[in-house]
Structures are given as structure tokens and as C-alpha cells.
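Asks: File name query_31.pdb; file contents PDB, C-alpha atoms; full text below.
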ATOM      1  CA  MET A   8      27.050 -24.487 -18.079
ATOM      2  CA  LYS A   9      25.019 -21.481 -17.150
ATOM      3  CA  ILE A  10      24.146 -19.157 -20.030
ATOM      4  CA  LYS A  11      22.754 -15.644 -20.095
ATOM      5  CA  LYS A  12      21.336 -14.058 -23.194
ATOM      6  CA  ILE A  13      18.750 -11.515 -24.272
ATOM      7  CA  LEU A  14      15.882 -12.932 -26.297
ATOM      8  CA  THR A  15      14.557 -10.558 -28.903
ATOM      9  CA  GLY A  16      11.991 -10.352 -31.692
ATOM     10  CA  ALA A  17       9.738 -13.316 -32.374
ATOM     11  CA  LEU A  18      11.305 -15.484 -29.681
ATOM     12  CA  THR A  19      10.595 -12.977 -26.905
ATOM     13  CA  SER A  20       7.059 -12.426 -28.166
ATOM     14  CA  ALA A  21       6.438 -16.157 -28.207
ATOM     15  CA  LEU A  22       7.677 -16.482 -24.618
ATOM     16  CA  LEU A  23       5.417 -13.726 -23.312
ATOM     17  CA  VAL A  24       2.326 -14.519 -25.374
ATOM     18  CA  THR A  25       2.334 -18.294 -24.979
ATOM     19  CA  ALA A  26       3.928 -18.166 -21.509
ATOM     20  CA  MET A  27       6.039 -21.205 -22.409
ATOM     21  CA  PRO A  28       9.850 -21.245 -22.173
ATOM     22  CA  VAL A  29      12.373 -22.186 -24.849
ATOM     23  CA  PHE A  30      14.940 -24.569 -23.343
ATOM     24  CA  SER A  31      18.504 -25.557 -24.100
ATOM     25  CA  ALA A  32      20.262 -28.680 -22.857
ATOM     26  CA  SER A  33      20.699 -28.892 -19.067
ATOM     27  CA  ALA A  34      23.940 -29.655 -17.300
ATOM     28  CA  ASP A  35      25.678 -29.288 -13.954
ATOM     29  CA  ASP A  36      26.644 -25.687 -13.221
ATOM     30  CA  ASN A  37      30.341 -25.112 -13.805
ATOM     31  CA  ASP A  38      30.061 -21.331 -14.088
ATOM     32  CA  PRO A  39      30.683 -19.466 -10.791
ATOM     33  CA  ASN A  40      29.286 -16.168 -12.170
ATOM     34  CA  GLY A  41      26.148 -15.138 -10.280
ATOM     35  CA  ASN A  42      26.345 -17.918  -7.713
ATOM     36  CA  THR A  43      26.381 -15.607  -4.670
ATOM     37  CA  VAL A  44      24.752 -12.356  -3.589
ATOM     38  CA  LEU A  45      28.232 -10.791  -3.777
ATOM     39  CA  ASP A  46      28.504 -11.500  -7.508
ATOM     40  CA  PRO A  47      24.996 -11.194  -8.995
ATOM     41  CA  ILE A  48      24.142 -10.932 -12.690
ATOM     42  CA  ASP A  49      22.656  -7.533 -13.535
ATOM     43  CA  ILE A  50      19.232  -7.517 -15.227
ATOM     44  CA  THR A  51      17.865  -4.670 -17.302
ATOM     45  CA  LEU A  52      14.150  -4.135 -16.699
ATOM     46  CA  GLY A  53      12.146  -5.515 -19.591
ATOM     47  CA  GLU A  54      14.834  -7.857 -20.956
ATOM     48  CA  THR A  55      14.472 -11.635 -20.955
ATOM     49  CA  VAL A  56      17.370 -13.739 -19.716
ATOM     50  CA  SER A  57      17.985 -17.486 -20.057
ATOM     51  CA  GLY A  58      19.958 -19.655 -17.668
ATOM     52  CA  SER A  59      20.250 -23.096 -16.143
ATOM     53  CA  LEU A  60      20.383 -24.421 -12.599
ATOM     54  CA  GLY A  61      22.629 -27.388 -11.915
ATOM     55  CA  TYR A  62      22.819 -29.814  -8.995
ATOM     56  CA  SER A  63      22.790 -27.931  -5.624
ATOM     57  CA  ASP A  64      23.074 -24.653  -7.514
ATOM     58  CA  ASN A  65      22.273 -20.998  -6.815
ATOM     59  CA  ASP A  66      21.743 -18.165  -9.298
ATOM     60  CA  TRP A  67      21.606 -14.540  -8.131
ATOM     61  CA  TYR A  68      20.329 -11.627 -10.236
ATOM     62  CA  LYS A  69      20.211  -7.935  -9.415
ATOM     63  CA  PHE A  70      17.796  -5.307 -10.766
ATOM     64  CA  THR A  71      17.090  -1.660  -9.921
ATOM     65  CA  VAL A  72      13.636  -0.129  -9.453
ATOM     66  CA  PRO A  73      13.771   3.590 -10.403
ATOM     67  CA  SER A  74      10.669   4.665  -8.451
ATOM     68  CA  SER A  75       7.777   3.189  -6.487
ATOM     69  CA  GLY A  76       5.754   0.874  -8.682
ATOM     70  CA  LYS A  77       4.727  -2.621  -9.735
ATOM     71  CA  VAL A  78       7.331  -5.286 -10.532
ATOM     72  CA  THR A  79       6.248  -8.407 -12.413
ATOM     73  CA  ILE A  80       8.660 -11.363 -12.518
ATOM     74  CA  THR A  81       7.894 -14.116 -15.042
ATOM     75  CA  PHE A  82       9.652 -17.500 -15.029
ATOM     76  CA  GLY A  83       9.502 -20.285 -17.582
ATOM     77  CA  ILE A  84      11.178 -23.471 -16.339
ATOM     78  CA  GLU A  85      11.394 -27.129 -17.269
ATOM     79  CA  PRO A  86       9.197 -29.382 -15.100
ATOM     80  CA  CYS A  87      10.727 -29.991 -11.653
ATOM     81  CA  ASP A  88       9.734 -29.962  -7.995
ATOM     82  CA  ASP A  89      12.773 -28.532  -6.219
ATOM     83  CA  ALA A  90      13.523 -25.194  -7.893
ATOM     84  CA  GLU A  91      12.910 -22.239  -5.551
ATOM     85  CA  PHE A  92      12.719 -18.454  -5.820
ATOM     86  CA  GLU A  93      12.973 -15.638  -3.286
ATOM     87  CA  LEU A  94      13.082 -11.852  -3.569
ATOM     88  CA  VAL A  95      15.797 -10.166  -1.515
ATOM     89  CA  SER A  96      16.293  -6.529  -0.559
ATOM     90  CA  GLY A  97      19.398  -4.830  -1.906
ATOM     91  CA  ASN A  98      20.227  -3.102   1.379
ATOM     92  CA  ASP A  99      23.346  -3.919   3.379
ATOM     93  CA  GLU A 100      21.612  -6.739   5.231
ATOM     94  CA  ALA A 101      20.295  -8.367   2.006
ATOM     95  CA  THR A 102      17.010  -9.105   3.773
ATOM     96  CA  ALA A 103      14.678 -11.695   2.242
ATOM     97  CA  LEU A 104      11.380  -9.973   1.364
ATOM     98  CA  THR A 105       9.512 -13.170   0.475
ATOM     99  CA  PRO A 106       9.640 -16.741   1.739
ATOM    100  CA  LYS A 107      11.180 -19.230  -0.671
ATOM    101  CA  LYS A 108       8.637 -20.222  -3.298
ATOM    102  CA  GLU A 109       8.620 -23.361  -5.432
ATOM    103  CA  LEU A 110       8.765 -22.560  -9.138
ATOM    104  CA  GLY A 111       7.015 -25.808 -10.073
ATOM    105  CA  SER A 112       6.911 -26.111 -13.854
ATOM    106  CA  ASP A 113       6.016 -24.188 -16.987
ATOM    107  CA  THR A 114       5.305 -20.498 -16.230
ATOM    108  CA  ASN A 115       5.266 -18.696 -12.881
ATOM    109  CA  ILE A 116       4.240 -15.052 -12.587
ATOM    110  CA  SER A 117       4.761 -13.036  -9.387
ATOM    111  CA  THR A 118       3.779  -9.389  -8.859
ATOM    112  CA  TYR A 119       5.133  -7.072  -6.168
ATOM    113  CA  TYR A 120       4.732  -3.374  -5.340
ATOM    114  CA  LEU A 121       8.170  -2.081  -4.342
ATOM    115  CA  THR A 122       9.864   1.183  -3.438
ATOM    116  CA  ALA A 123      12.787   2.585  -5.424
ATOM    117  CA  GLY A 124      16.052   0.721  -4.875
ATOM    118  CA  ASP A 125      18.102  -2.373  -5.677
ATOM    119  CA  TYR A 126      16.756  -5.918  -5.379
ATOM    120  CA  TYR A 127      18.049  -9.452  -5.831
ATOM    121  CA  ILE A 128      16.376 -12.534  -7.269
ATOM    122  CA  HIS A 129      17.709 -15.746  -5.739
ATOM    123  CA  LEU A 130      17.090 -18.998  -7.629
ATOM    124  CA  SER A 131      18.149 -22.324  -6.146
ATOM    125  CA  MET A 132      18.051 -26.006  -7.079
ATOM    126  CA  GLN A 133      18.830 -29.053  -4.951
ATOM    127  CA  LEU A 134      18.718 -32.248  -7.000
ATOM    128  CA  ASN A 135      17.928 -31.617 -10.645
ATOM    129  CA  ALA A 136      19.422 -29.645 -13.518
ATOM    130  CA  ARG A 137      16.959 -27.444 -15.359
ATOM    131  CA  SER A 138      16.925 -24.571 -17.845
ATOM    132  CA  TYR A 139      14.783 -21.476 -17.393
ATOM    133  CA  ASP A 140      13.831 -18.143 -18.920
ATOM    134  CA  MET A 141      13.072 -15.064 -16.802
ATOM    135  CA  GLN A 142      11.842 -11.518 -17.356
ATOM    136  CA  VAL A 143      11.448  -8.607 -14.929
ATOM    137  CA  LYS A 144       8.989  -5.875 -15.911
ATOM    138  CA  PHE A 145       8.338  -2.577 -14.132
ATOM    139  CA  THR A 146       5.386  -0.163 -14.175
ATOM    140  CA  SER A 147       5.668   3.107 -12.253
ATOM    141  CA  SER A 148       2.850   3.998  -9.866
ATOM    142  CA  ASP A 149       3.307   7.655 -10.949
ATOM    143  CA  LEU A 150       3.060   8.995  -7.417
ATOM    144  CA  THR A 151       2.655  12.749  -7.110
ATOM    145  CA  VAL A 152       4.909  12.474  -4.070
ATOM    146  CA  GLU A 153       7.494   9.700  -3.852
ATOM    147  CA  ASN A 154       7.398   7.627  -0.680
ATOM    148  CA  GLU A 155       9.316   9.332   2.100
ATOM    149  CA  ASP A 156      10.610   7.623   5.209
ATOM    150  CA  ASN A 157       7.352   8.190   7.093
ATOM    151  CA  ASN A 158       7.152   4.816   8.797
ATOM    152  CA  THR A 159       6.882   6.184  12.343
ATOM    153  CA  ILE A 160       4.776   8.867  14.024
ATOM    154  CA  ALA A 161       7.939  10.872  14.664
ATOM    155  CA  LYS A 162       8.546  11.021  10.896
ATOM    156  CA  ALA A 163       4.933  11.684   9.864
ATOM    157  CA  VAL A 164       4.619  13.736   6.673
ATOM    158  CA  PRO A 165       2.650  17.015   7.025
ATOM    159  CA  VAL A 166      -0.467  17.164   4.832
ATOM    160  CA  GLU A 167      -3.278  19.651   4.312
ATOM    161  CA  TYR A 168      -6.962  19.102   5.104
ATOM    162  CA  ASP A 169      -8.167  21.281   2.240
ATOM    163  CA  GLY A 170      -9.161  18.500  -0.136
ATOM    164  CA  THR A 171      -5.680  18.074  -1.668
ATOM    165  CA  VAL A 172      -5.402  14.564  -3.153
ATOM    166  CA  TYR A 173      -2.220  12.645  -2.326
ATOM    167  CA  ASP A 174      -1.056   9.705  -4.487
ATOM    168  CA  ARG A 175       0.872   7.198  -2.407
ATOM    169  CA  GLN A 176       1.760   3.512  -2.198
ATOM    170  CA  LEU A 177       1.955   0.778   0.417
ATOM    171  CA  SER A 178       4.712  -1.576  -0.679
ATOM    172  CA  LEU A 179       6.008  -5.034   0.119
ATOM    173  CA  ASN A 180       8.939  -3.361   1.876
ATOM    174  CA  ASP A 181       7.111  -0.221   3.090
ATOM    175  CA  SER A 182       3.946  -1.355   4.819
ATOM    176  CA  ILE A 183       2.910   1.726   6.848
ATOM    177  CA  ASP A 184       2.593   5.466   6.208
ATOM    178  CA  TYR A 185       2.030   8.245   8.773
ATOM    179  CA  TYR A 186       0.713  11.744   7.993
ATOM    180  CA  THR A 187       0.118  14.684  10.331
ATOM    181  CA  PHE A 188      -2.113  17.754  10.173
ATOM    182  CA  ASP A 189      -3.214  20.579  12.493
ATOM    183  CA  VAL A 190      -6.858  21.503  13.072
ATOM    184  CA  ALA A 191      -7.171  25.213  13.848
ATOM    185  CA  GLU A 192     -10.874  25.275  14.796
ATOM    186  CA  LYS A 193     -13.284  22.593  15.835
ATOM    187  CA  GLY A 194     -14.935  20.985  12.821
ATOM    188  CA  ARG A 195     -15.647  17.806  10.916
ATOM    189  CA  VAL A 196     -12.626  16.257   9.187
ATOM    190  CA  THR A 197     -13.408  13.610   6.595
ATOM    191  CA  LEU A 198     -10.743  11.139   5.499
ATOM    192  CA  ASN A 199     -11.333   9.981   1.903
ATOM    193  CA  PHE A 200      -9.544   6.847   0.689
ATOM    194  CA  ASP A 201      -9.456   5.139  -2.727
ATOM    195  CA  SER A 202      -7.406   2.154  -3.885
ATOM    196  CA  ASP A 203      -7.470  -1.077  -5.882
ATOM    197  CA  MET A 204      -6.440  -2.919  -2.723
ATOM    198  CA  ASP A 205      -8.826  -5.329  -1.009
ATOM    199  CA  ASN A 206      -8.417  -3.825   2.454
ATOM    200  CA  THR A 207      -6.329  -1.259   4.331
ATOM    201  CA  ASP A 208      -6.082  -0.561   8.057
ATOM    202  CA  TRP A 209      -6.247   3.043   9.269
ATOM    203  CA  GLU A 210      -5.518   4.703  12.624
ATOM    204  CA  ILE A 211      -5.937   8.214  14.056
ATOM    205  CA  TYR A 212      -3.732   9.618  16.849
ATOM    206  CA  ASN A 213      -4.140  12.771  18.953
ATOM    207  CA  SER A 214      -1.563  15.441  19.812
ATOM    208  CA  GLU A 215      -0.099  13.173  22.512
ATOM    209  CA  ASP A 216       0.409  10.466  19.846
ATOM    210  CA  ALA A 217      -2.198   8.336  21.595
ATOM    211  CA  LEU A 218      -4.393   6.123  19.414
ATOM    212  CA  ILE A 219      -7.965   7.450  19.522
ATOM    213  CA  LYS A 220      -9.631   5.540  16.693
ATOM    214  CA  LYS A 221      -8.893   2.778  14.209
ATOM    215  CA  GLY A 222     -10.599   0.685  11.575
ATOM    216  CA  THR A 223     -10.267  -0.993   8.195
ATOM    217  CA  PHE A 224     -11.303   0.197   4.766
ATOM    218  CA  VAL A 225     -12.661  -2.831   2.890
ATOM    219  CA  LYS A 226     -13.523  -3.364  -0.751
ATOM    220  CA  GLY A 227     -17.203  -4.082  -1.355
ATOM    221  CA  GLU A 228     -18.216  -7.453  -2.758
ATOM    222  CA  GLN A 229     -19.221  -5.942  -6.091
ATOM    223  CA  ASP A 230     -16.462  -3.312  -6.213
ATOM    224  CA  SER A 231     -13.132  -3.418  -8.021
ATOM    225  CA  GLY A 232     -11.413  -1.656  -5.133
ATOM    226  CA  ILE A 233     -11.847   0.535  -2.069
ATOM    227  CA  SER A 234     -13.712   3.839  -2.131
ATOM    228  CA  ASP A 235     -14.502   4.786   1.454
ATOM    229  CA  LYS A 236     -14.409   7.624   3.954
ATOM    230  CA  GLU A 237     -14.214   8.209   7.700
ATOM    231  CA  ALA A 238     -15.604  11.408   9.271
ATOM    232  CA  ASN A 239     -14.797  12.647  12.765
ATOM    233  CA  ILE A 240     -15.487  15.790  14.778
ATOM    234  CA  MET A 241     -12.076  17.141  15.797
ATOM    235  CA  LYS A 242     -11.203  19.831  18.310
ATOM    236  CA  PRO A 243      -8.214  22.151  17.699
ATOM    237  CA  GLY A 244      -4.903  20.338  17.845
ATOM    238  CA  LYS A 245      -2.430  18.128  16.031
ATOM    239  CA  TYR A 246      -3.573  14.792  14.618
ATOM    240  CA  THR A 247      -1.821  11.922  12.882
ATOM    241  CA  VAL A 248      -3.401   9.442  10.491
ATOM    242  CA  ALA A 249      -1.762   6.149   9.515
ATOM    243  CA  PHE A 250      -2.440   3.657   6.731
ATOM    244  CA  LYS A 251      -1.226   0.095   7.265
ATOM    245  CA  LYS A 252      -0.877  -2.853   4.927
ATOM    246  CA  ASN A 253      -3.497  -5.507   5.665
ATOM    247  CA  GLU A 254      -3.870  -8.515   3.352
ATOM    248  CA  SER A 255      -3.022  -6.554   0.212
ATOM    249  CA  TYR A 256      -0.871  -3.609  -0.767
ATOM    250  CA  GLY A 257      -0.357  -1.217  -3.663
ATOM    251  CA  PRO A 258      -1.061   2.396  -4.756
ATOM    252  CA  TYR A 259      -3.711   4.502  -3.019
ATOM    253  CA  THR A 260      -5.002   8.059  -2.939
ATOM    254  CA  PHE A 261      -6.321   9.970   0.043
ATOM    255  CA  SER A 262      -7.519  13.440   0.940
ATOM    256  CA  LEU A 263      -8.795  15.280   4.007
ATOM    257  CA  ASP A 264     -11.855  17.551   3.851
ATOM    258  CA  TYR A 265     -12.746  20.026   6.599
ATOM    259  CA  LEU A 266     -16.142  21.515   7.441
ATOM    260  CA  LYS A 267     -16.326  24.029  10.253
ATOM    261  CA  ASN A 268     -20.124  24.362  10.531
ATOM    262  CA  TYR A 269     -20.668  20.615  10.334
ATOM    263  CA  ASN A 270     -24.089  20.824  12.017
ATOM    264  CA  ASP A 271     -25.322  23.756   9.975
ATOM    265  CA  ILE A 272     -28.175  22.347   7.880
ATOM    266  CA  SER A 273     -27.924  25.299   5.497
ATOM    267  CA  VAL A 274     -24.300  24.334   4.738
ATOM    268  CA  SER A 275     -24.016  20.564   4.986
ATOM    269  CA  GLY A 276     -27.634  19.652   4.253
ATOM    270  CA  ILE A 277     -27.766  17.011   6.982
ATOM    271  CA  ILE A 278     -26.924  16.702  10.640
ATOM    272  CA  ALA A 279     -23.769  14.651  11.142
ATOM    273  CA  ALA A 280     -24.008  11.426  13.121
ATOM    274  CA  ALA A 281     -21.571  12.363  15.868
ATOM    275  CA  ASP A 282     -20.986  12.865  19.561
ATOM    276  CA  ILE A 283     -23.341  15.867  19.636
ATOM    277  CA  ASN A 284     -23.306  16.355  23.402
ATOM    278  CA  GLU A 285     -19.552  15.665  23.582
ATOM    279  CA  ASP A 286     -19.780  13.079  26.339
ATOM    280  CA  GLY A 287     -17.289  10.725  24.691
ATOM    281  CA  SER A 288     -19.755   8.372  23.013
ATOM    282  CA  ILE A 289     -22.285   8.325  20.189
ATOM    283  CA  ASP A 290     -25.532   6.993  21.666
ATOM    284  CA  SER A 291     -29.263   7.622  22.100
ATOM    285  CA  SER A 292     -28.645  10.888  23.956
ATOM    286  CA  ASP A 293     -27.089  12.346  20.786
ATOM    287  CA  ALA A 294     -30.057  11.150  18.745
ATOM    288  CA  SER A 295     -32.388  12.761  21.259
ATOM    289  CA  LEU A 296     -30.624  16.109  20.877
ATOM    290  CA  ILE A 297     -30.889  15.892  17.081
ATOM    291  CA  LEU A 298     -34.641  15.164  17.315
ATOM    292  CA  THR A 299     -35.100  18.063  19.742
ATOM    293  CA  TYR A 300     -33.265  20.388  17.380
ATOM    294  CA  TYR A 301     -35.337  19.274  14.393
ATOM    295  CA  ALA A 302     -38.501  19.843  16.434
ATOM    296  CA  TYR A 303     -37.265  23.388  17.045
ATOM    297  CA  ILE A 304     -36.639  23.908  13.298
ATOM    298  CA  SER A 305     -40.007  22.428  12.306
ATOM    299  CA  THR A 306     -41.858  24.818  14.615
ATOM    300  CA  GLY A 307     -40.309  27.944  13.107
ATOM    301  CA  GLY A 308     -36.823  28.006  14.608
ATOM    302  CA  THR A 309     -34.383  30.090  12.569
ATOM    303  CA  GLU A 310     -30.940  29.060  13.892
ATOM    304  CA  THR A 311     -29.600  26.656  11.252
ATOM    305  CA  ASP A 312     -26.310  26.008  13.036
ATOM    306  CA  MET A 313     -27.060  23.319  15.607
ATOM    307  CA  ASN A 314     -23.747  23.986  17.386
ATOM    308  CA  LYS A 315     -24.841  27.537  18.182
ATOM    309  CA  TRP A 316     -28.333  26.406  19.144
ATOM    310  CA  LEU A 317     -26.910  23.783  21.538
ATOM    311  CA  ALA A 318     -24.607  26.370  23.114
ATOM    312  CA  GLN A 319     -27.552  28.714  23.634
ATOM    313  CA  ASN A 320     -29.794  26.023  25.104
ATOM    314  CA  LYS A 321     -27.450  24.076  27.364
ATOM    315  CA  LYS A 322     -28.990  23.315  30.727
TER     316      LYS A 322
END
Go through the file and emit its structure as C-alpha cells.
Replies:
Amino acid sequence: MKIKKILTGALTSALLVTAMPVFSASADDNDPNGNTVLDPIDITLGETVSGSLGYSDNDWYKFTVPSSGKVTITFGIEPCDDAEFELVSGNDEATALTPKKELGSDTNISTYYLTAGDYYIHLSMQLNARSYDMQVKFTSSDLTVENEDNNTIAKAVPVEYDGTVYDRQLSLNDSIDYYTFDVAEKGRVTLNFDSDMDNTDWEIYNSEDALIKKGTFVKGEQDSGISDKEANIMKPGKYTVAFKKNESYGPYTFSLDYLKNYNDISVSGIIAAADINEDGSIDSSDASLILTYYAYISTGGTETDMNKWLAQNKK
């Protein structure tokens, strides 16, 4: 018979610290409660529940995530080779978010970053009868702005390019975010990105929603996460930036910095590596212009804004 109970005090501590389950006798499942997605057993986040899977049995549990964050699901199960787990969305379609995963034996720990909402845990067994213990823990990502439905360019969230830092999250069930901003005057816009993820894809679109540049932010070999930036010279207009889940997902922060006089050595301190002559590519001709400008400065030139100097000396 299937049982459900909350383990408290020393017993719960022993389960979590030693990561070993406490088992009761196994038997065929004669309890229909929780056997379908239509009649799941509700779980309170942080509690530990005990149950048993009988021959050709299914157990369904339901839990609610209050905000975007990290969900850790811990199983302790008697040794077996045919117990399986899957995480299912609580929407009307009850979509499976993970492929079925063998629970194996002893302790299994799975971590997922999820958006707010209802979710189901589906446990199944084919041949054996086994007891298990399970706990679902939740840690909020403490986002300054909760994830909106910005999964398409048409629903891109407006952001500022004044250095404002945005705390966001790519989730198992929310794998892309779009943001839009308007550049009033030509200048250098720098996209700053930080995260504990291993890698994240990024894309930039123009006012016609055409992709103009893309790449991947990657964690360095000696780094604990990503801390990277992408700078581009942008003319006036609307732009959209997207972040896409690559091999990993989780919380991230980003900001956009703007510098109007990006080639002014008295402001930025260094000439930007960019398409200086605006011919659509960054090549030796741009480097030649930079060297020519520095030769002008080194021989007594006083115009520190290379943009102005180029405009005055175009042939």
C-alpha cells in the first residue's frame, strides 16, 4: 500500500545529511490516490514524503513554484533498475519537461531552474515494488523583474541603455528572452553579461527585426561563471537583443552602456576596434585610419574626437 507522511526532526536530518532513505516494507500498490495526473498528491516545498511503487505502478505529485528560482528534487529509493522519474509542466497540456530518467538506487538529486507555476513529478515502476523518500526544495532567484512573456521579438521587453542592471533567468521552460531599446544618436553600445552558467547564446536585431550579429558568451576555463561583454557601434534606431539557453541555464544579469564620443581619446582613453570607415567590415583599412589619426595626434593635432577628424578629412 502506498503511504505518504512527513518526516520531521532527526529522521529528516538523517535523510538529508546521509543522503540515504529509510524504507518500509514494499508491496503491490492497492491505493489509487495519486496514480494519475488528474489526481496528484500535493507536496509542500521543503517537506519530505515517503511512498512505495508497486508492480506496473505510477505515482503523481504536484508542487507549486512561487517565483522564478532553483528547484532541487532529492530521491532516496531501494535498489532497482526500472524506476523512472520525469518532470511535467502543470499547464493544460501537461507537457513533459524532461525525458524519463532512471532513478537507479540510493540517492538521486536533480536540479532545475523553473518559472513560477505548477509542476508535476511522475514516478513509474514496471516490474518491482520499492519504497522511496522524496523532498522538493526551492530557492528563489530574487529577480528584480520577474520573467515576463518575452519569448518573441514581438513581445520584447523595453530596457534602458544607461547602465541599469537587470536580474533575469533562463529556465528549463523559458529558454529565450528578448529585450528592445532605442538608440537616439550614433554611439558605442556595450552589452555586459554575467552569470554562473557555462555558456549563453546572444543575438542582436535591427529595426527591421533582421539578425545583424550573434555569438556566444562562454565561461573561461579558470572562471566560476561568465563575465563578458560585446561592444558595437550603433546608428540611431531600434534594436533588439536576445539571450538564448545553450548547454546550461539559470539566473543572469545584464546591462547596456552607451558612449556617444566612442572615438574621443579624451573620453574613452582608447580608440575602439570598430568599423571606422563604415564600409560594413572591420579590416586593415580601419586599422590604417586609426594609425593615420594617431600620427596626426602625435605631430601636434588637437582634435581628440576621431569621428569629427574623420568627417573633416574625408576624401
Asks: Please indicate the distance in Å from CA of Lys162 in chain A to CA of Tyr186 in chain A, rounded to one decimal place.
Replies: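 Pair CA of Lys162 in chain A / CA of Tyr186 in chain A returns 8.4 Å.
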Asks: For Lys236 in chain A, which residue out of A:Val196, A:Ala249, A:Ala123, A:Val56 is the nearest one, using all atoms listed in the file?
Replies: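 With all atoms listed in the file as the atom set, the closest residue is A:Val196.
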Asks: Residues of range 68-120 of chain A that have any atom at most 12 Å from an atom of range 141-161 of chain A: could you tabulate them with the shortest-distance atom pair and the distance in Å to one decimal, using all atoms listed in the file, ordered by chain and increasing number, as CSV?
Replies:
residue,atom,partner,partner_atom,distance
A:Tyr68,CA,A:Met141,CA,10.4
A:Lys69,CA,A:Val143,CA,10.4
A:Phe70,CA,A:Val143,CA,8.3
A:Thr71,CA,A:Phe145,CA,9.8
A:Val72,CA,A:Phe145,CA,7.5
A:Pro73,CA,A:Ser147,CA,8.3
A:Ser74,CA,A:Ser147,CA,6.5
A:Ser75,CA,A:Ser148,CA,6.0
A:Gly76,CA,A:Ser147,CA,4.2
A:Lys77,CA,A:Thr146,CA,5.1
A:Val78,CA,A:Phe145,CA,4.6
A:Thr79,CA,A:Lys144,CA,5.1
A:Ile80,CA,A:Val143,CA,4.6
A:Thr81,CA,A:Gln142,CA,5.3
A:Phe82,CA,A:Met141,CA,4.6
A:Gly83,CA,A:Met141,CA,6.4
A:Ile84,CA,A:Met141,CA,8.6
A:Phe92,CA,A:Met141,CA,11.5
A:Leu94,CA,A:Val143,CA,11.9
A:Leu110,CA,A:Met141,CA,11.6
A:Asp113,CA,A:Met141,CA,11.5
A:Thr114,CA,A:Met141,CA,9.5
A:Asn115,CA,A:Met141,CA,9.5
A:Ile116,CA,A:Gln142,CA,9.6
A:Ser117,CA,A:Val143,CA,9.7
A:Thr118,CA,A:Lys144,CA,9.4
A:Tyr119,CA,A:Phe145,CA,9.7
A:Tyr120,CA,A:Ser148,CA,8.9
Asks: The PyMOL selection byres ((chain A and resi 213) around 8) on the file shown: which residues, as a PDB file with C-alpha atoms, in the coordinates of the input?
Replies:
ATOM      1  CA  ILE A 211      -5.937   8.214  14.056  1.00  0.00           C
ATOM      2  CA  TYR A 212      -3.732   9.618  16.849  1.00  0.00           C
ATOM      3  CA  SER A 214      -1.563  15.441  19.812  1.00  0.00           C
ATOM      4  CA  GLU A 215      -0.099  13.173  22.512  1.00  0.00           C
ATOM      5  CA  ASP A 216       0.409  10.466  19.846  1.00  0.00           C
ATOM      6  CA  ALA A 217      -2.198   8.336  21.595  1.00  0.00           C
ATOM      7  CA  LEU A 218      -4.393   6.123  19.414  1.00  0.00           C
ATOM      8  CA  ILE A 219      -7.965   7.450  19.522  1.00  0.00           C
ATOM      9  CA  GLY A 244      -4.903  20.338  17.845  1.00  0.00           C
ATOM     10  CA  LYS A 245      -2.430  18.128  16.031  1.00  0.00           C
ATOM     11  CA  TYR A 246      -3.573  14.792  14.618  1.00  0.00           C
ATOM     12  CA  THR A 247      -1.821  11.922  12.882  1.00  0.00           C
TER      13      THR A 247
END
Asks: Would you work out the distance separating CA of Val166 in chain A from CA of Phe200 in chain A, expressed in Å to one decimal?
Replies: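 Separation of CA of Val166 in chain A and CA of Phe200 in chain A: 14.4 Å.
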Asks: Selection in question (the file shown): the PyMOL selection byres ((chain A and resi 263) around 8). Which residues does it include, as a list in words?
Replies: Glu167, Tyr168, Asp169, Gly170, Thr171, Val172, Val196, Thr197, Leu198, Asn199, Phe261, Ser262, Asp264 and Tyr265 of chain A
Asks: In Å, rounded to a single decimal, give me how far CA of Tyr300 in chain A is from CA of Asp312 in chain A.
Replies: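 Rounded to one decimal, the two atoms are 9.9 Å apart.
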Asks: Tell me which of A:Gly61, A:Gly307, A:Gly194, A:Pro258 sits closest to Arg175 in chain A, counting all atoms listed in the file.
Replies: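 Smallest distance to Arg175 in chain A is found for A:Pro258.
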Asks: With distances taken over all atoms listed in the file, which residue among A:Asn239, A:Ser292, A:Thr55, A:Ser234 lies nearest Leu266 in chain A?
Replies: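 Closest to Leu266 in chain A, using all atoms listed in the file: A:Asn239.
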Asks: Can you tell me which residues surround range 220-223 of chain A at a distance of at most 6 Å, considering all atoms listed in the file, apart from same-chain residues fewer than 4 positions away, and format the answer as a list in words?
Replies: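 The neighbour list is Thr207, Asp208, Trp209, Glu210 and Ile211 of chain A.
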Asks: Selected residues, C-alpha atoms, written as a short mmCIF file (atom, residue, chain, number, x, y, z; two decimals), keeping the file's coordinate frame, please.
Replies:
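The resulting file, selection.cif, is reproduced below:
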data_model
loop_
_atom_site.label_atom_id
_atom_site.label_comp_id
_atom_site.auth_asym_id
_atom_site.auth_seq_id
_atom_site.Cartn_x
_atom_site.Cartn_y
_atom_site.Cartn_z
CA THR A 207 -6.33 -1.26 4.33
CA ASP A 208 -6.08 -0.56 8.06
CA TRP A 209 -6.25 3.04 9.27
CA GLU A 210 -5.52 4.70 12.62
CA ILE A 211 -5.94 8.21 14.06
#
Asks: For the file shown, what are the residues hit by the PyMOL selection byres ((chain A and resi 59) around 6), laid out as a VMD selection string?
Replies: chain A and resid 9 58 60 137 to 139
Asks: Listed atoms of range 172-185 of chain A, axis-aligned box, 8 Å per side: centre and edge lengths to one decimal in Å, as AutoDock Vina command-line options?
Replies:
--center_x 1.8 --center_y 4.8 --center_z 2.1 --size_x 30.3 --size_y 35.6 --size_z 29.3
Asks: For Leu177 in chain A, please output as a ChimeraX atom specification all residues within 8 Å (counting all atoms listed in the file; exclusion window: fewer than 6 positions along the same chain).
Replies: /A:120,183-184,251-252,256-259
Asks: Would you mind telling me which residue in A:Leu121, A:Phe250, A:Leu130, A:Ala136 lies nearest to Ala163 in chain A when using all atoms listed in the file?
Replies: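 Among the listed residues, the smallest separation from Ala163 in chain A belongs to A:Phe250.
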